[in-house]
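One structure is given here, and the rest of the page talks about it.
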Amino acid sequence: MAIHGSSHRPRDWDAETYDSLPLPHARWAALTISRLRLTGSEHVVDFGCGTGRDTVRLLPMLPNGRVIAIDGSQRMLAALRARLGSDADRVQVLKADLSRPLPLDDPVDAVVSVATLHWLRDHSAVFRHIADTLRPGGQFVAEFGGYGNIATVTAALADVLGSEMPADVWNFPGPDETRRRLEGAGFTDISVDLAPDLVTFDNERQFEQYLHTVVLGGHMRSISRLQRVGLARSVATRLQRRELDYVRLRVNARRSHSLAEAAHVRTRALAATRSTHPRVD
Ligand SMILES: C[S@@+](CC[C@H](N)C(=O)[O-])C[C@H]1O[C@@H](n2cnc3c(N)ncnc32)[C@H](O)[C@@H]1O
């Protein structure tokens, strides 16, 4: 089965099927949002907002604030708009590529992101863009696939695709490299941890649909519809159990308060990198 290249450019997601699935994302989101410290008047970015479950969840926590919901998928954003109803005036909805600088004129108080960063290749750049969007002292809370995430799916995919297996569809980094990248982008008060989270599915049809729509979407973008159905089934068959061995990376950080603090954090991060990778010239 041929897979014709892979890309981290935004793609359109099947929003309707996504919302019909039993998503562990709702639980991950609840934990992530609970780590935000809000007074109620903040402007908060939902980075990779998808169909808006968390945008809507944030609104009652921000009676005098607003949410800026950003995503690259037209269909996800259409589902979000339908979900908003009368709250639409407190949400700014933006279609944008999250691997690029965020298209915002004014600094925001917080950025929250659920199950999105592992779709982006260059985390150093993404963290810099997020830091540039935050006011000094602004919060960044996120969760995404970390080192070892869905290792059994990777093994099953490699078995199915053989030499056609693309290497770079997902980006599942470890805590140390993530901490270094955050420091390099000028973040402080950083905490990063990895949490294994085994998720089990009730029936085969749902499991295949979940693989097809959520997990393997990046692999599927350039193969035929027939091949797509075949890929999810082949992977599900190889997995033997209807479960996914998720490992989530959880991040809390603050943008440095001042330029001096940011410069200090960057210098420290650079020194730490040099002592880990000494120059050989
Ligand atoms: C698994 S969904 C998570 C959505 C939502 N946060 C949730 O938890 O349900 C990942 C989201 O990231 C978005 N995304 C991935 N890569 C992107 C990119 N380069 N630019 C914009 N959006 C992107 C997708 O469109 C999708 O809505």
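Chain lettering (A, B, ...) mirrors the order of the structure tokens, residue numbering begins at 1 for each chain separately, and ligand numbering begins at 1 in order of display.
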To test your reading of the structure, identify every residue in region 104-220 of chain A that backbone DSSP assigns to strand (DSSP E or B), and report it as a PyMOL selection string.
chain A and resi 108-114+134-145+187-200
With C-alpha atoms retained, export the selected residues as a PDB file, in the first residue's frame.
ATOM      1  CA  VAL A 108      -3.595  37.248  25.173  1.00  0.00           C
ATOM      2  CA  ASP A 109      -3.556  36.083  28.809  1.00  0.00           C
ATOM      3  CA  ALA A 110      -3.459  32.345  28.207  1.00  0.00           C
ATOM      4  CA  VAL A 111      -3.094  29.682  25.539  1.00  0.00           C
ATOM      5  CA  VAL A 112      -4.630  26.246  26.083  1.00  0.00           C
ATOM      6  CA  SER A 113      -4.120  23.306  23.746  1.00  0.00           C
ATOM      7  CA  VAL A 114      -5.505  19.755  23.777  1.00  0.00           C
ATOM      8  CA  LEU A 134       1.129  35.859  25.277  1.00  0.00           C
ATOM      9  CA  ARG A 135       1.393  38.926  27.487  1.00  0.00           C
ATOM     10  CA  PRO A 136       4.332  38.834  29.931  1.00  0.00           C
ATOM     11  CA  GLY A 137       3.382  36.347  32.675  1.00  0.00           C
ATOM     12  CA  GLY A 138       0.717  34.757  30.440  1.00  0.00           C
ATOM     13  CA  GLN A 139      -0.061  31.054  30.891  1.00  0.00           C
ATOM     14  CA  PHE A 140       0.486  28.182  28.486  1.00  0.00           C
ATOM     15  CA  VAL A 141      -1.186  24.889  29.398  1.00  0.00           C
ATOM     16  CA  ALA A 142      -1.197  22.000  26.963  1.00  0.00           C
ATOM     17  CA  GLU A 143      -1.410  18.272  26.582  1.00  0.00           C
ATOM     18  CA  PHE A 144      -0.453  16.180  23.569  1.00  0.00           C
ATOM     19  CA  GLY A 145       1.076  12.851  22.574  1.00  0.00           C
ATOM     20  CA  PHE A 187       9.001  30.419  29.116  1.00  0.00           C
ATOM     21  CA  THR A 188       9.507  30.116  32.859  1.00  0.00           C
ATOM     22  CA  ASP A 189       7.773  28.256  35.767  1.00  0.00           C
ATOM     23  CA  ILE A 190       7.811  25.197  33.508  1.00  0.00           C
ATOM     24  CA  SER A 191       6.461  21.803  34.460  1.00  0.00           C
ATOM     25  CA  VAL A 192       6.366  18.912  31.991  1.00  0.00           C
ATOM     26  CA  ASP A 193       5.426  15.325  32.659  1.00  0.00           C
ATOM     27  CA  LEU A 194       4.537  12.130  30.802  1.00  0.00           C
ATOM     28  CA  ALA A 195       1.428  10.176  31.791  1.00  0.00           C
ATOM     29  CA  PRO A 196       0.557   6.742  30.334  1.00  0.00           C
ATOM     30  CA  ASP A 197      -3.182   6.421  29.665  1.00  0.00           C
ATOM     31  CA  LEU A 198      -4.559   3.169  28.267  1.00  0.00           C
ATOM     32  CA  VAL A 199      -7.867   3.759  26.450  1.00  0.00           C
ATOM     33  CA  THR A 200     -10.217   0.853  25.666  1.00  0.00           C
TER      34      THR A 200
END
Neighbours of Asp122 (chain A) within 9 Å (only C-alpha atoms; same-chain residues fewer than 5 positions away dropped), as an mmCIF file with N, CA, C and O atoms, in the first residue's frame?
data_model
loop_
_atom_site.group_PDB
_atom_site.id
_atom_site.type_symbol
_atom_site.label_atom_id
_atom_site.label_comp_id
_atom_site.auth_asym_id
_atom_site.auth_seq_id
_atom_site.Cartn_x
_atom_site.Cartn_y
_atom_site.Cartn_z
ATOM 1 N N SER A 99 1.305 26.047 12.677
ATOM 2 C CA SER A 99 2.775 25.979 12.637
ATOM 3 C C SER A 99 3.368 27.356 12.291
ATOM 4 O O SER A 99 4.573 27.537 12.310
ATOM 5 N N PHE A 127 6.474 27.051 20.004
ATOM 6 C CA PHE A 127 6.524 27.640 21.352
ATOM 7 C C PHE A 127 6.914 29.130 21.264
ATOM 8 O O PHE A 127 6.411 29.944 22.034
ATOM 9 N N ASN A 171 4.628 13.876 15.996
ATOM 10 C CA ASN A 171 5.800 14.375 16.722
ATOM 11 C C ASN A 171 5.537 14.139 18.211
ATOM 12 O O ASN A 171 4.778 14.878 18.833
#
Using only C-alpha atoms, can you tell me which of A:Glu42, A:Ala253, A:Gly162, A:Arg180 comes closest to Ile130 (chain A)?
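Of the candidates, the smallest distance to Ile130 (chain A) is held by A:Ala253.
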Please produce, as JSON lines, a per-residue contact table for chain A versus ligand 1 (criterion: any atom at most 7 Å away, only C-alpha atoms and all ligand atoms considered), showing the nearest atom pair and its distance in Å to one decimal, sorted by chain then residue number.
{"residue": "A:His8", "atom": "CA", "partner": "ligand 1", "partner_atom_place_in_ligand_line": "19 (N)", "distance": 5.6}
{"residue": "A:Arg9", "atom": "CA", "partner": "ligand 1", "partner_atom_place_in_ligand_line": "19 (N)", "distance": 4.7}
{"residue": "A:Pro10", "atom": "CA", "partner": "ligand 1", "partner_atom_place_in_ligand_line": "18 (C)", "distance": 4.0}
{"residue": "A:Arg11", "atom": "CA", "partner": "ligand 1", "partner_atom_place_in_ligand_line": "25 (O)", "distance": 6.2}
{"residue": "A:Asp12", "atom": "CA", "partner": "ligand 1", "partner_atom_place_in_ligand_line": "25 (O)", "distance": 6.2}
{"residue": "A:Trp13", "atom": "CA", "partner": "ligand 1", "partner_atom_place_in_ligand_line": "25 (O)", "distance": 6.1}
{"residue": "A:His25", "atom": "CA", "partner": "ligand 1", "partner_atom_place_in_ligand_line": "8 (O)", "distance": 4.8}
{"residue": "A:Ala26", "atom": "CA", "partner": "ligand 1", "partner_atom_place_in_ligand_line": "8 (O)", "distance": 6.5}
{"residue": "A:Ala29", "atom": "CA", "partner": "ligand 1", "partner_atom_place_in_ligand_line": "8 (O)", "distance": 6.3}
{"residue": "A:Gly48", "atom": "CA", "partner": "ligand 1", "partner_atom_place_in_ligand_line": "12 (O)", "distance": 4.2}
{"residue": "A:Cys49", "atom": "CA", "partner": "ligand 1", "partner_atom_place_in_ligand_line": "6 (N)", "distance": 4.4}
{"residue": "A:Gly50", "atom": "CA", "partner": "ligand 1", "partner_atom_place_in_ligand_line": "27 (O)", "distance": 3.4}
{"residue": "A:Thr51", "atom": "CA", "partner": "ligand 1", "partner_atom_place_in_ligand_line": "9 (O)", "distance": 6.4}
{"residue": "A:Gly52", "atom": "CA", "partner": "ligand 1", "partner_atom_place_in_ligand_line": "5 (C)", "distance": 6.9}
{"residue": "A:Arg53", "atom": "CA", "partner": "ligand 1", "partner_atom_place_in_ligand_line": "9 (O)", "distance": 6.4}
{"residue": "A:Asp71", "atom": "CA", "partner": "ligand 1", "partner_atom_place_in_ligand_line": "22 (N)", "distance": 4.1}
{"residue": "A:Gly72", "atom": "CA", "partner": "ligand 1", "partner_atom_place_in_ligand_line": "21 (C)", "distance": 3.4}
{"residue": "A:Ser73", "atom": "CA", "partner": "ligand 1", "partner_atom_place_in_ligand_line": "25 (O)", "distance": 4.3}
{"residue": "A:Met76", "atom": "CA", "partner": "ligand 1", "partner_atom_place_in_ligand_line": "27 (O)", "distance": 5.8}
{"residue": "A:Ala96", "atom": "CA", "partner": "ligand 1", "partner_atom_place_in_ligand_line": "21 (C)", "distance": 5.5}
{"residue": "A:Asp97", "atom": "CA", "partner": "ligand 1", "partner_atom_place_in_ligand_line": "20 (N)", "distance": 3.5}
{"residue": "A:Leu98", "atom": "CA", "partner": "ligand 1", "partner_atom_place_in_ligand_line": "20 (N)", "distance": 3.9}
{"residue": "A:Ser99", "atom": "CA", "partner": "ligand 1", "partner_atom_place_in_ligand_line": "19 (N)", "distance": 5.1}
{"residue": "A:Ser113", "atom": "CA", "partner": "ligand 1", "partner_atom_place_in_ligand_line": "6 (N)", "distance": 6.1}
{"residue": "A:Val114", "atom": "CA", "partner": "ligand 1", "partner_atom_place_in_ligand_line": "6 (N)", "distance": 4.3}
{"residue": "A:Ala115", "atom": "CA", "partner": "ligand 1", "partner_atom_place_in_ligand_line": "3 (C)", "distance": 4.8}
{"residue": "A:Thr116", "atom": "CA", "partner": "ligand 1", "partner_atom_place_in_ligand_line": "10 (C)", "distance": 4.4}
{"residue": "A:Trp119", "atom": "CA", "partner": "ligand 1", "partner_atom_place_in_ligand_line": "16 (N)", "distance": 4.9}
{"residue": "A:Leu120", "atom": "CA", "partner": "ligand 1", "partner_atom_place_in_ligand_line": "19 (N)", "distance": 5.9}
{"residue": "A:Val214", "atom": "CA", "partner": "ligand 1", "partner_atom_place_in_ligand_line": "1 (C)", "distance": 6.2}
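Nearest-residue note for Thr152 (chain A): choosing from A:Asp19, A:Phe47, A:Thr267, A:Ala236, the minimum distance belongs to A:Ala236, counting only C-alpha atoms.
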Run DSSP on the backbone of this structure and report the residues of region 79-278 of chain A it assigns to helix (DSSP H, G or I), as a PyMOL selection string.
chain A and resi 79-90+117-119+123-133+151-164+175-184+204-215+217-220+225-239+259-276
Find the residues near region 201-203 of chain A: any atom within 9 Å, counting only C-alpha atoms, skip ones fewer than 3 places away on the same chain, and give them as a list of chain:residue names.
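So, after excluding close chain neighbours, the residues are A:Pro22, A:Gln206, A:Phe207, A:Glu208, A:Arg242, A:Glu243, A:Leu244.
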For the selection just defined, write its residues with N, CA, C and O atoms to a file, as a tab-separated table (two decimals), in the first residue's frame.
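The resulting out-v4.tsv:
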chain	number	residue	atom	x	y	z
A	22	PRO	N	-16.28	8.18	21.02
A	22	PRO	CA	-16.02	8.32	22.46
A	22	PRO	C	-14.59	8.84	22.65
A	22	PRO	O	-13.64	8.07	22.74
A	206	GLN	N	-16.48	0.93	16.21
A	206	GLN	CA	-16.11	2.21	16.81
A	206	GLN	C	-14.58	2.37	16.83
A	206	GLN	O	-14.05	3.44	16.55
A	207	PHE	N	-13.91	1.28	17.14
A	207	PHE	CA	-12.45	1.32	17.22
A	207	PHE	C	-11.86	1.64	15.85
A	207	PHE	O	-10.98	2.50	15.72
A	208	GLU	N	-12.37	0.98	14.80
A	208	GLU	CA	-11.87	1.25	13.45
A	208	GLU	C	-12.16	2.68	13.01
A	208	GLU	O	-11.34	3.35	12.39
A	242	ARG	N	-8.70	-4.10	21.51
A	242	ARG	CA	-9.31	-2.80	21.17
A	242	ARG	C	-8.88	-1.75	22.19
A	242	ARG	O	-9.69	-1.23	22.95
A	243	GLU	N	-7.58	-1.49	22.22
A	243	GLU	CA	-7.11	-0.47	23.16
A	243	GLU	C	-5.93	0.29	22.55
A	243	GLU	O	-5.22	-0.21	21.68
A	244	LEU	N	-5.77	1.51	23.03
A	244	LEU	CA	-4.68	2.37	22.55
A	244	LEU	C	-3.81	2.77	23.74
A	244	LEU	O	-4.31	3.25	24.76
Closest to Leu59 (chain A) among A:Arg254, A:Arg37, A:Arg90, A:Arg81, using only C-alpha atoms?
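Of A:Arg254, A:Arg37, A:Arg90, A:Arg81, the one nearest Leu59 (chain A), counting only C-alpha atoms, is A:Arg90.
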All residues 10 Å or closer to Leu211 (chain A), only C-alpha atoms, same chain fewer than 5 positions away omitted, as a ChimeraX atom specification:
/A:153,205-206,216-217,229,231-233,235-236,244
Prev. selection, N, CA and C atoms, output as a compact mmCIF listing (two decimals), in the first residue's frame:
# COMPACT_ATOMS: atom_id res chain seq x y z
N VAL A 153 0.46 1.19 17.86
CA VAL A 153 -0.08 1.59 16.55
C VAL A 153 1.08 1.82 15.57
N ARG A 205 -16.29 -1.74 15.43
CA ARG A 205 -16.65 -0.71 14.45
C ARG A 205 -16.21 0.67 14.93
N GLN A 206 -16.48 0.93 16.21
CA GLN A 206 -16.11 2.21 16.81
C GLN A 206 -14.58 2.37 16.83
N LEU A 216 -5.23 7.95 12.41
CA LEU A 216 -4.51 7.73 11.16
C LEU A 216 -4.81 8.79 10.10
N GLY A 217 -5.51 9.83 10.46
CA GLY A 217 -5.89 10.86 9.48
C GLY A 217 -4.71 11.43 8.74
N VAL A 229 -10.01 2.77 4.18
CA VAL A 229 -10.79 1.81 4.97
C VAL A 229 -9.91 0.60 5.28
N LEU A 231 -6.71 0.48 5.57
CA LEU A 231 -5.60 0.76 6.50
C LEU A 231 -6.06 0.66 7.95
N ALA A 232 -7.20 1.29 8.28
CA ALA A 232 -7.68 1.24 9.66
C ALA A 232 -7.97 -0.21 10.07
N ARG A 233 -8.58 -0.98 9.15
CA ARG A 233 -8.89 -2.39 9.47
C ARG A 233 -7.62 -3.21 9.67
N VAL A 235 -4.68 -2.16 10.60
CA VAL A 235 -4.02 -1.78 11.85
C VAL A 235 -4.79 -2.36 13.03
N ALA A 236 -6.13 -2.25 13.00
CA ALA A 236 -6.96 -2.78 14.10
C ALA A 236 -6.73 -4.28 14.27
N LEU A 244 -5.77 1.51 23.03
CA LEU A 244 -4.68 2.37 22.55
C LEU A 244 -3.81 2.77 23.74
So what do you get for CA of Gln92 (chain A) versus CA of Thr17 (chain A), distance-wise?
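Computing the Euclidean distance for CA of Gln92 (chain A) and CA of Thr17 (chain A) yields 24.4 Å.
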Tell me, in Å to one decimal, how far CA of Pro173 (chain A) is from CA of Gly146 (chain A).
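For CA of Pro173 (chain A) relative to CA of Gly146 (chain A), the distance reads 5.1 Å.
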Using CA of Leu102 (chain A) and CA of Ile150 (chain A) as the two end points, give the distance in Å to one decimal.
29.1 Å
Minimum-distance residue to Asp176 (chain A), chosen among A:Gly40, A:Gly85, A:Arg27, A:Tyr147 (using only C-alpha atoms):
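For Asp176 (chain A), the nearest of the given residues is A:Tyr147.
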